[in-house]
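Below is final.pdb, which holds PDB, C-alpha atoms, pLDDT in the B column.
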```pdb
ATOM      1  CA  MET B  14     267.951  63.657  80.370  1.00 48.00           C
ATOM      2  CA  ASP B  15     271.208  63.660  82.372  1.00 47.00           C
ATOM      3  CA  VAL B  16     273.802  60.992  81.520  1.00 44.00           C
ATOM      4  CA  PRO B  17     274.472  58.745  84.574  1.00 49.00           C
ATOM      5  CA  SER B  18     278.128  58.299  85.515  1.00 58.00           C
ATOM      6  CA  SER B  19     277.948  54.750  86.982  1.00 83.00           C
ATOM      7  CA  TRP B  20     276.303  51.388  86.436  1.00 86.00           C
ATOM      8  CA  ASP B  21     274.052  51.804  89.464  1.00 89.00           C
ATOM      9  CA  ALA B  22     272.920  55.171  88.194  1.00 92.00           C
ATOM     10  CA  LEU B  23     272.146  53.616  84.822  1.00 92.00           C
ATOM     11  CA  ARG B  24     270.076  50.851  86.445  1.00 92.00           C
ATOM     12  CA  LYS B  25     268.145  53.356  88.550  1.00 94.00           C
ATOM     13  CA  GLN B  26     267.458  55.466  85.450  1.00 94.00           C
ATOM     14  CA  ALA B  27     266.276  52.394  83.507  1.00 95.00           C
ATOM     15  CA  ARG B  28     263.981  51.244  86.330  1.00 95.00           C
ATOM     16  CA  LYS B  29     262.505  54.737  86.651  1.00 95.00           C
ATOM     17  CA  ILE B  30     261.710  54.931  82.957  1.00 96.00           C
ATOM     18  CA  GLU B  31     260.314  51.376  82.974  1.00 95.00           C
ATOM     19  CA  ALA B  32     258.000  52.269  85.868  1.00 96.00           C
ATOM     20  CA  GLN B  33     256.797  55.351  83.999  1.00 96.00           C
ATOM     21  CA  LEU B  34     256.229  53.238  80.918  1.00 95.00           C
ATOM     22  CA  ASP B  35     254.206  50.685  82.904  1.00 94.00           C
ATOM     23  CA  GLU B  36     251.975  53.473  84.166  1.00 94.00           C
ATOM     24  CA  GLN B  37     251.610  55.040  80.734  1.00 94.00           C
ATOM     25  CA  MET B  38     250.914  51.685  79.088  1.00 94.00           C
ATOM     26  CA  HIS B  39     248.208  50.919  81.656  1.00 93.00           C
ATOM     27  CA  SER B  40     246.470  54.170  80.754  1.00 91.00           C
ATOM     28  CA  TYR B  41     246.943  53.436  77.063  1.00 91.00           C
ATOM     29  CA  ARG B  42     245.413  49.946  77.347  1.00 91.00           C
ATOM     30  CA  ARG B  43     242.393  51.440  79.069  1.00 89.00           C
ATOM     31  CA  LEU B  44     242.087  54.138  76.402  1.00 87.00           C
ATOM     32  CA  VAL B  45     242.288  51.540  73.626  1.00 86.00           C
ATOM     33  CA  SER B  46     239.489  49.499  75.209  1.00 83.00           C
ATOM     34  CA  THR B  47     237.191  52.540  75.530  1.00 80.00           C
ATOM     35  CA  LYS B  48     237.999  54.218  72.194  1.00 68.00           C
ATOM     36  CA  ALA B  49     238.086  51.144  69.999  1.00 53.00           C
ATOM     37  CA  LEU B  50     234.532  51.540  68.675  1.00 57.00           C
ATOM     38  CA  SER B  51     234.597  55.274  67.972  1.00 57.00           C
ATOM     39  CA  LYS B  52     236.367  57.543  65.521  1.00 57.00           C
ATOM     40  CA  SER B  53     239.615  59.207  66.616  1.00 59.00           C
ATOM     41  CA  ASP B  54     239.082  62.430  68.562  1.00 62.00           C
ATOM     42  CA  GLY B  55     242.785  63.171  69.189  1.00 67.00           C
ATOM     43  CA  SER B  56     242.733  62.265  72.897  1.00 69.00           C
ATOM     44  CA  GLU B  57     245.186  59.411  72.384  1.00 80.00           C
ATOM     45  CA  THR B  58     247.788  61.547  70.606  1.00 84.00           C
ATOM     46  CA  ASP B  59     249.402  63.041  73.726  1.00 87.00           C
ATOM     47  CA  LEU B  60     249.532  59.683  75.490  1.00 91.00           C
ATOM     48  CA  GLU B  61     251.108  57.981  72.478  1.00 91.00           C
ATOM     49  CA  ALA B  62     253.687  60.777  72.182  1.00 92.00           C
ATOM     50  CA  GLY B  63     254.599  60.400  75.867  1.00 93.00           C
ATOM     51  CA  ILE B  64     255.031  56.620  75.555  1.00 95.00           C
ATOM     52  CA  ASP B  65     257.119  56.998  72.412  1.00 94.00           C
ATOM     53  CA  LEU B  66     259.388  59.502  74.174  1.00 95.00           C
ATOM     54  CA  LEU B  67     259.888  57.195  77.180  1.00 96.00           C
ATOM     55  CA  LEU B  68     260.732  54.266  74.883  1.00 96.00           C
ATOM     56  CA  ARG B  69     263.427  56.328  73.159  1.00 95.00           C
ATOM     57  CA  GLN B  70     264.832  57.374  76.537  1.00 95.00           C
ATOM     58  CA  LEU B  71     264.913  53.770  77.749  1.00 95.00           C
ATOM     59  CA  GLN B  72     266.625  52.755  74.510  1.00 95.00           C
ATOM     60  CA  GLN B  73     269.328  55.387  75.129  1.00 95.00           C
ATOM     61  CA  VAL B  74     269.881  54.143  78.688  1.00 95.00           C
ATOM     62  CA  ASN B  75     270.147  50.554  77.425  1.00 94.00           C
ATOM     63  CA  ALA B  76     272.720  51.684  74.863  1.00 93.00           C
ATOM     64  CA  GLN B  77     274.772  53.299  77.642  1.00 92.00           C
ATOM     65  CA  MET B  78     274.488  50.111  79.719  1.00 90.00           C
ATOM     66  CA  GLN B  79     275.620  48.111  76.675  1.00 90.00           C
ATOM     67  CA  ALA B  80     278.685  50.355  76.371  1.00 88.00           C
ATOM     68  CA  TRP B  81     279.409  49.852  80.071  1.00 85.00           C
ATOM     69  CA  VAL B  82     279.191  46.044  79.711  1.00 85.00           C
ATOM     70  CA  SER B  83     281.357  46.104  76.596  1.00 83.00           C
ATOM     71  CA  SER B  84     284.063  47.962  78.519  1.00 80.00           C
ATOM     72  CA  GLY B  85     284.534  44.979  80.837  1.00 73.00           C
ATOM     73  CA  GLY B  86     281.453  44.380  82.965  1.00 65.00           C
ATOM     74  CA  SER B  87     280.862  41.164  84.854  1.00 74.00           C
ATOM     75  CA  GLU B  88     278.547  38.332  83.807  1.00 78.00           C
ATOM     76  CA  MET B  89     275.931  39.469  86.355  1.00 83.00           C
ATOM     77  CA  VAL B  90     275.966  42.945  84.817  1.00 85.00           C
ATOM     78  CA  SER B  91     275.517  41.349  81.389  1.00 87.00           C
ATOM     79  CA  HIS B  92     272.440  39.422  82.600  1.00 90.00           C
ATOM     80  CA  THR B  93     270.998  42.619  84.065  1.00 91.00           C
ATOM     81  CA  LEU B  94     271.457  44.385  80.747  1.00 91.00           C
ATOM     82  CA  THR B  95     269.785  41.504  78.911  1.00 92.00           C
ATOM     83  CA  ARG B  96     266.792  41.753  81.246  1.00 94.00           C
ATOM     84  CA  HIS B  97     266.422  45.495  80.636  1.00 94.00           C
ATOM     85  CA  GLN B  98     266.694  44.949  76.875  1.00 93.00           C
ATOM     86  CA  GLU B  99     263.920  42.311  77.020  1.00 95.00           C
ATOM     87  CA  ILE B 100     261.692  44.704  78.990  1.00 95.00           C
ATOM     88  CA  LEU B 101     262.292  47.417  76.369  1.00 94.00           C
ATOM     89  CA  GLN B 102     261.518  44.994  73.555  1.00 95.00           C
ATOM     90  CA  ASP B 103     258.306  43.753  75.231  1.00 95.00           C
ATOM     91  CA  LEU B 104     257.057  47.283  75.969  1.00 94.00           C
ATOM     92  CA  THR B 105     257.852  48.454  72.433  1.00 95.00           C
ATOM     93  CA  GLN B 106     256.093  45.516  70.799  1.00 95.00           C
ATOM     94  CA  GLU B 107     253.046  45.862  73.064  1.00 94.00           C
ATOM     95  CA  PHE B 108     252.797  49.592  72.347  1.00 94.00           C
ATOM     96  CA  TYR B 109     253.015  49.123  68.578  1.00 93.00           C
ATOM     97  CA  ARG B 110     250.493  46.266  68.698  1.00 93.00           C
ATOM     98  CA  HIS B 111     247.933  48.292  70.677  1.00 91.00           C
ATOM     99  CA  ARG B 112     248.475  51.344  68.499  1.00 90.00           C
ATOM    100  CA  SER B 113     247.973  49.364  65.282  1.00 89.00           C
ATOM    101  CA  SER B 114     244.854  47.710  66.700  1.00 87.00           C
ATOM    102  CA  LEU B 115     243.465  51.082  67.768  1.00 87.00           C
ATOM    103  CA  ARG B 116     244.096  52.613  64.344  1.00 85.00           C
ATOM    104  CA  ALA B 117     242.420  49.693  62.570  1.00 85.00           C
ATOM    105  CA  LYS B 118     239.337  49.808  64.820  1.00 82.00           C
ATOM    106  CA  GLN B 119     239.053  53.585  64.535  1.00 79.00           C
ATOM    107  CA  GLU B 120     239.282  53.339  60.755  1.00 81.00           C
ATOM    108  CA  HIS B 121     236.555  50.713  60.797  1.00 80.00           C
ATOM    109  CA  ALA B 122     234.386  52.925  63.020  1.00 74.00           C
ATOM    110  CA  SER B 123     234.985  55.873  60.694  1.00 75.00           C
ATOM    111  CA  LEU B 124     233.989  53.860  57.626  1.00 81.00           C
ATOM    112  CA  LEU B 125     230.908  52.547  59.417  1.00 79.00           C
ATOM    113  CA  GLU B 126     229.868  56.063  60.398  1.00 72.00           C
ATOM    114  CA  ASP B 127     230.401  57.272  56.822  1.00 74.00           C
ATOM    115  CA  PHE B 128     228.242  54.416  55.543  1.00 70.00           C
ATOM    116  CA  ARG B 129     225.511  55.268  58.029  1.00 75.00           C
ATOM    117  CA  GLU B 130     225.642  58.912  56.991  1.00 75.00           C
ATOM    118  CA  PHE B 131     225.393  57.861  53.341  1.00 73.00           C
ATOM    119  CA  ASP B 132     222.425  55.624  54.180  1.00 72.00           C
ATOM    120  CA  ARG B 133     220.689  58.469  56.042  1.00 76.00           C
ATOM    121  CA  THR B 134     221.281  60.780  53.083  1.00 78.00           C
ATOM    122  CA  ARG B 135     219.884  58.177  50.682  1.00 73.00           C
ATOM    123  CA  LEU B 136     216.753  57.728  52.823  1.00 74.00           C
ATOM    124  CA  ASP B 137     216.273  61.508  52.977  1.00 69.00           C
ATOM    125  CA  LEU B 138     216.522  61.720  49.187  1.00 71.00           C
ATOM    126  CA  GLU B 139     214.057  58.842  48.780  1.00 66.00           C
ATOM    127  CA  ASP B 140     211.630  60.513  51.201  1.00 65.00           C
ATOM    128  CA  GLY B 141     211.937  63.756  49.253  1.00 61.00           C
ATOM    129  CA  TYR B 142     211.336  61.919  45.975  1.00 56.00           C
ATOM    130  CA  GLY B 143     208.280  60.171  47.474  1.00 59.00           C
ATOM    131  CA  SER B 144     206.875  63.496  48.665  1.00 62.00           C
ATOM    132  CA  GLU B 145     207.379  64.984  45.209  1.00 64.00           C
ATOM    133  CA  GLN B 146     205.590  62.048  43.597  1.00 69.00           C
ATOM    134  CA  SER B 147     202.692  62.439  46.060  1.00 68.00           C
ATOM    135  CA  LEU B 148     202.382  66.127  45.171  1.00 70.00           C
ATOM    136  CA  ILE B 149     202.388  65.299  41.461  1.00 77.00           C
ATOM    137  CA  LYS B 150     199.665  62.676  41.931  1.00 72.00           C
ATOM    138  CA  GLU B 151     197.621  65.094  44.010  1.00 70.00           C
ATOM    139  CA  HIS B 152     197.983  67.787  41.347  1.00 68.00           C
ATOM    140  CA  MET B 153     196.899  65.340  38.636  1.00 77.00           C
ATOM    141  CA  GLY B 154     193.867  64.354  40.713  1.00 66.00           C
ATOM    142  CA  ILE B 155     192.885  67.997  41.124  1.00 71.00           C
ATOM    143  CA  ASN B 156     193.208  68.530  37.379  1.00 72.00           C
ATOM    144  CA  ARG B 157     190.973  65.519  36.675  1.00 71.00           C
ATOM    145  CA  ASN B 158     188.347  66.761  39.145  1.00 61.00           C
ATOM    146  CA  THR B 159     188.507  70.230  37.614  1.00 67.00           C
ATOM    147  CA  ALA B 160     188.002  68.797  34.113  1.00 67.00           C
ATOM    148  CA  GLN B 161     185.005  66.773  35.311  1.00 65.00           C
ATOM    149  CA  MET B 162     183.517  69.857  36.965  1.00 62.00           C
ATOM    150  CA  ASP B 163     184.062  71.856  33.773  1.00 65.00           C
ATOM    151  CA  GLY B 164     182.190  69.135  31.857  1.00 64.00           C
ATOM    152  CA  VAL B 165     179.261  69.236  34.276  1.00 56.00           C
ATOM    153  CA  ILE B 166     179.070  73.027  34.096  1.00 62.00           C
ATOM    154  CA  SER B 167     179.251  72.966  30.303  1.00 65.00           C
ATOM    155  CA  GLN B 168     176.355  70.496  30.189  1.00 65.00           C
ATOM    156  CA  ALA B 169     174.363  72.632  32.611  1.00 56.00           C
ATOM    157  CA  GLN B 170     175.003  75.754  30.545  1.00 63.00           C
ATOM    158  CA  ALA B 171     173.941  73.930  27.367  1.00 61.00           C
ATOM    159  CA  THR B 172     170.747  72.728  29.076  1.00 59.00           C
ATOM    160  CA  LEU B 173     170.087  76.249  30.325  1.00 59.00           C
ATOM    161  CA  GLY B 174     170.478  77.634  26.805  1.00 61.00           C
ATOM    162  CA  THR B 175     168.075  75.034  25.420  1.00 59.00           C
ATOM    163  CA  LEU B 176     165.461  75.829  28.047  1.00 56.00           C
ATOM    164  CA  VAL B 177     165.779  79.562  27.408  1.00 54.00           C
ATOM    165  CA  PHE B 178     165.276  78.943  23.698  1.00 54.00           C
ATOM    166  CA  GLN B 179     162.224  76.773  24.402  1.00 56.00           C
ATOM    167  CA  ARG B 180     160.829  79.489  26.653  1.00 58.00           C
ATOM    168  CA  SER B 181     161.150  82.095  23.891  1.00 58.00           C
ATOM    169  CA  THR B 182     159.500  79.657  21.459  1.00 53.00           C
ATOM    170  CA  PHE B 183     156.633  79.040  23.880  1.00 50.00           C
ATOM    171  CA  GLY B 184     156.284  82.809  24.338  1.00 57.00           C
ATOM    172  CA  GLY B 185     155.849  83.299  20.592  1.00 58.00           C
ATOM    173  CA  ILE B 186     153.317  80.462  20.414  1.00 54.00           C
ATOM    174  CA  ASN B 187     151.389  81.917  23.341  1.00 55.00           C
ATOM    175  CA  SER B 188     151.197  85.318  21.631  1.00 61.00           C
ATOM    176  CA  LYS B 189     149.797  83.729  18.490  1.00 58.00           C
ATOM    177  CA  LEU B 190     147.315  81.640  20.477  1.00 51.00           C
ATOM    178  CA  SER B 191     146.110  84.724  22.317  1.00 59.00           C
ATOM    179  CA  ASN B 192     145.350  86.360  18.999  1.00 61.00           C
ATOM    180  CA  VAL B 193     143.482  83.266  17.897  1.00 51.00           C
ATOM    181  CA  ALA B 194     141.569  83.147  21.195  1.00 51.00           C
ATOM    182  CA  SER B 195     140.405  86.699  20.724  1.00 59.00           C
ATOM    183  CA  ARG B 196     138.926  85.599  17.417  1.00 56.00           C
ATOM    184  CA  LEU B 197     137.786  82.135  18.399  1.00 54.00           C
ATOM    185  CA  PRO B 198     136.388  82.082  21.962  1.00 57.00           C
ATOM    186  CA  THR B 199     135.689  78.405  21.604  1.00 58.00           C
ATOM    187  CA  VAL B 200     139.351  77.540  21.991  1.00 54.00           C
ATOM    188  CA  ASN B 201     139.617  79.173  25.477  1.00 63.00           C
ATOM    189  CA  THR B 202     139.561  75.785  27.155  1.00 72.00           C
ATOM    190  CA  ILE B 203     142.469  74.593  25.077  1.00 68.00           C
ATOM    191  CA  LEU B 204     144.377  77.809  25.785  1.00 63.00           C
ATOM    192  CA  ALA B 205     143.824  77.414  29.530  1.00 70.00           C
ATOM    193  CA  ALA B 206     145.332  73.935  29.401  1.00 71.00           C
ATOM    194  CA  ILE B 207     148.275  75.254  27.425  1.00 69.00           C
ATOM    195  CA  LYS B 208     148.787  78.042  29.976  1.00 71.00           C
ATOM    196  CA  ARG B 209     148.856  75.517  32.792  1.00 74.00           C
ATOM    197  CA  LYS B 210     151.443  73.505  30.875  1.00 71.00           C
ATOM    198  CA  LYS B 211     153.393  76.677  30.298  1.00 69.00           C
ATOM    199  CA  SER B 212     153.314  77.474  34.021  1.00 75.00           C
ATOM    200  CA  MET B 213     154.727  74.022  34.813  1.00 76.00           C
ATOM    201  CA  ASP B 214     157.460  74.508  32.197  1.00 73.00           C
ATOM    202  CA  THR B 215     158.284  77.909  33.658  1.00 78.00           C
ATOM    203  CA  ILE B 216     158.638  76.394  37.135  1.00 80.00           C
ATOM    204  CA  ILE B 217     160.886  73.624  35.821  1.00 80.00           C
ATOM    205  CA  LEU B 218     162.959  76.143  33.869  1.00 76.00           C
ATOM    206  CA  SER B 219     163.376  78.300  36.960  1.00 78.00           C
ATOM    207  CA  LEU B 220     164.493  75.302  39.042  1.00 80.00           C
ATOM    208  CA  VAL B 221     167.020  74.209  36.435  1.00 75.00           C
ATOM    209  CA  ALA B 222     168.363  77.766  36.105  1.00 76.00           C
ATOM    210  CA  ALA B 223     168.734  77.998  39.890  1.00 78.00           C
ATOM    211  CA  VAL B 224     170.595  74.666  40.067  1.00 76.00           C
ATOM    212  CA  CYS B 225     172.941  75.687  37.258  1.00 75.00           C
ATOM    213  CA  THR B 226     173.627  79.027  38.927  1.00 77.00           C
ATOM    214  CA  PHE B 227     174.372  77.253  42.228  1.00 75.00           C
ATOM    215  CA  LEU B 228     176.769  74.825  40.518  1.00 75.00           C
ATOM    216  CA  ILE B 229     178.607  77.681  38.795  1.00 74.00           C
ATOM    217  CA  PHE B 230     178.909  79.520  42.116  1.00 71.00           C
ATOM    218  CA  ILE B 231     180.301  76.450  43.902  1.00 79.00           C
ATOM    219  CA  TYR B 232     182.780  75.827  41.076  1.00 70.00           C
ATOM    220  CA  TRP B 233     184.233  79.334  41.213  1.00 70.00           C
ATOM    221  CA  ILE B 234     184.565  79.128  44.984  1.00 76.00           C
ATOM    222  CA  THR B 235     186.431  75.811  44.977  1.00 73.00           C
ATOM    223  CA  LYS B 236     188.542  76.439  41.849  1.00 61.00           C
TER     224      LYS B 236
END
```

As structure tokens:
Amino acid sequence: MDVPSSWDALRKQARKIEAQLDEQMHSYRRLVSTKALSKSDGSETDLEAGIDLLLRQLQQVNAQMQAWVSSGGSEMVSHTLTRHQEILQDLTQEFYRHRSSLRAKQEHASLLEDFREFDRTRLDLEDGYGSEQSLIKEHMGINRNTAQMDGVISQAQATLGTLVFQRSTFGGINSKLSNVASRLPTVNTILAAIKRKKSMDTIILSLVAAVCTFLIFIYWITK
């Protein structure tokens, strides 16, 4: 920045910088109002740097005006300098106030976003834990059903073994009765009744064996 050589040049320089500051501060106020509820994205950095530079330049011009007044300026010149110093002070205070407010609100927004992210993570972990518990319960239910099915099949196999043993016993009795019948024709009627009973037992045994076989087949398919 060139150093003005007269009071009028200093005043023109001060007014020019003040006008630039007014424009920059207007943009900064608008940015603060739109960015207050979001985390910092760096867009305000350039604007803040520009305002800070203009404030330092205006401070330098005011210092030169102060030196001019101190060298013997009139009372009117002194009042003009006081007015420019008040403008510099007001702009500086307003800039620092808006910047502090923006930083505080952005920090609050950042903390709020971090809390929300933490809450989302916690919910995801709880959902994962709930899914794991559901899988464990489902696995336990399958194990209980499998144990019950094993019990049913074991009972069916035991029943099948008993019926097979009874069938072999009835076969031996039938052989002995046939020998007796060949010697004692008078017992043919009794033997016929026994054969009918045997036929009924054979049918029942066949049905039970078929049911047990079907249950075993279904169990191995679904296991």

For this session: Apply the PyMOL selection byres ((chain B and resi 73) around 12) to the structure shown and report the selected residues as a PyMOL selection string.
Result: chain B and resi 14-17+23+26-27+30+66-72+74-80+97-98+101

Problem set entry | Among the residues B:Trp20, B:Ala222, B:Thr47, B:Leu136, the one that comes closest to Ser87 in chain B [using all atoms listed in the file] |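 Selected residue with least distance to Ser87 in chain B: B:Trp20.
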
For this session: Mind giving me the straight-line distance from CA of Phe108 in chain B to CA of Met38 in chain B in Å, one decimal?
Result: 7.3 Å

Exercise. Please, what distance in Å, to one decimal, runs between CA of Ser19 in chain B and CA of Ser84 in chain B?
Worked result: 12.5 Å

Problem set entry | Hits of the PyMOL selection byres ((chain B and resi 35-37) around 9) in this structure, as number ranges by chain | B: 30-34, 38-42, 60-61, 63-64, 104

Grab the residues selected above and save them as a CSV table (one decimal), in the coordinates of the input with C-alpha atoms.
```
chain,number,residue,atom,x,y,z
B,30,ILE,CA,261.7,54.9,83.0
B,31,GLU,CA,260.3,51.4,83.0
B,32,ALA,CA,258.0,52.3,85.9
B,33,GLN,CA,256.8,55.4,84.0
B,34,LEU,CA,256.2,53.2,80.9
B,38,MET,CA,250.9,51.7,79.1
B,39,HIS,CA,248.2,50.9,81.7
B,40,SER,CA,246.5,54.2,80.8
B,41,TYR,CA,246.9,53.4,77.1
B,42,ARG,CA,245.4,49.9,77.3
B,60,LEU,CA,249.5,59.7,75.5
B,61,GLU,CA,251.1,58.0,72.5
B,63,GLY,CA,254.6,60.4,75.9
B,64,ILE,CA,255.0,56.6,75.6
B,104,LEU,CA,257.1,47.3,76.0
```

For this session: May I ask for the distance between CA of Thr58 in chain B and CA of Ser123 in chain B, given in Å to one decimal place?
Result: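 Those two atoms sit 17.2 Å apart.
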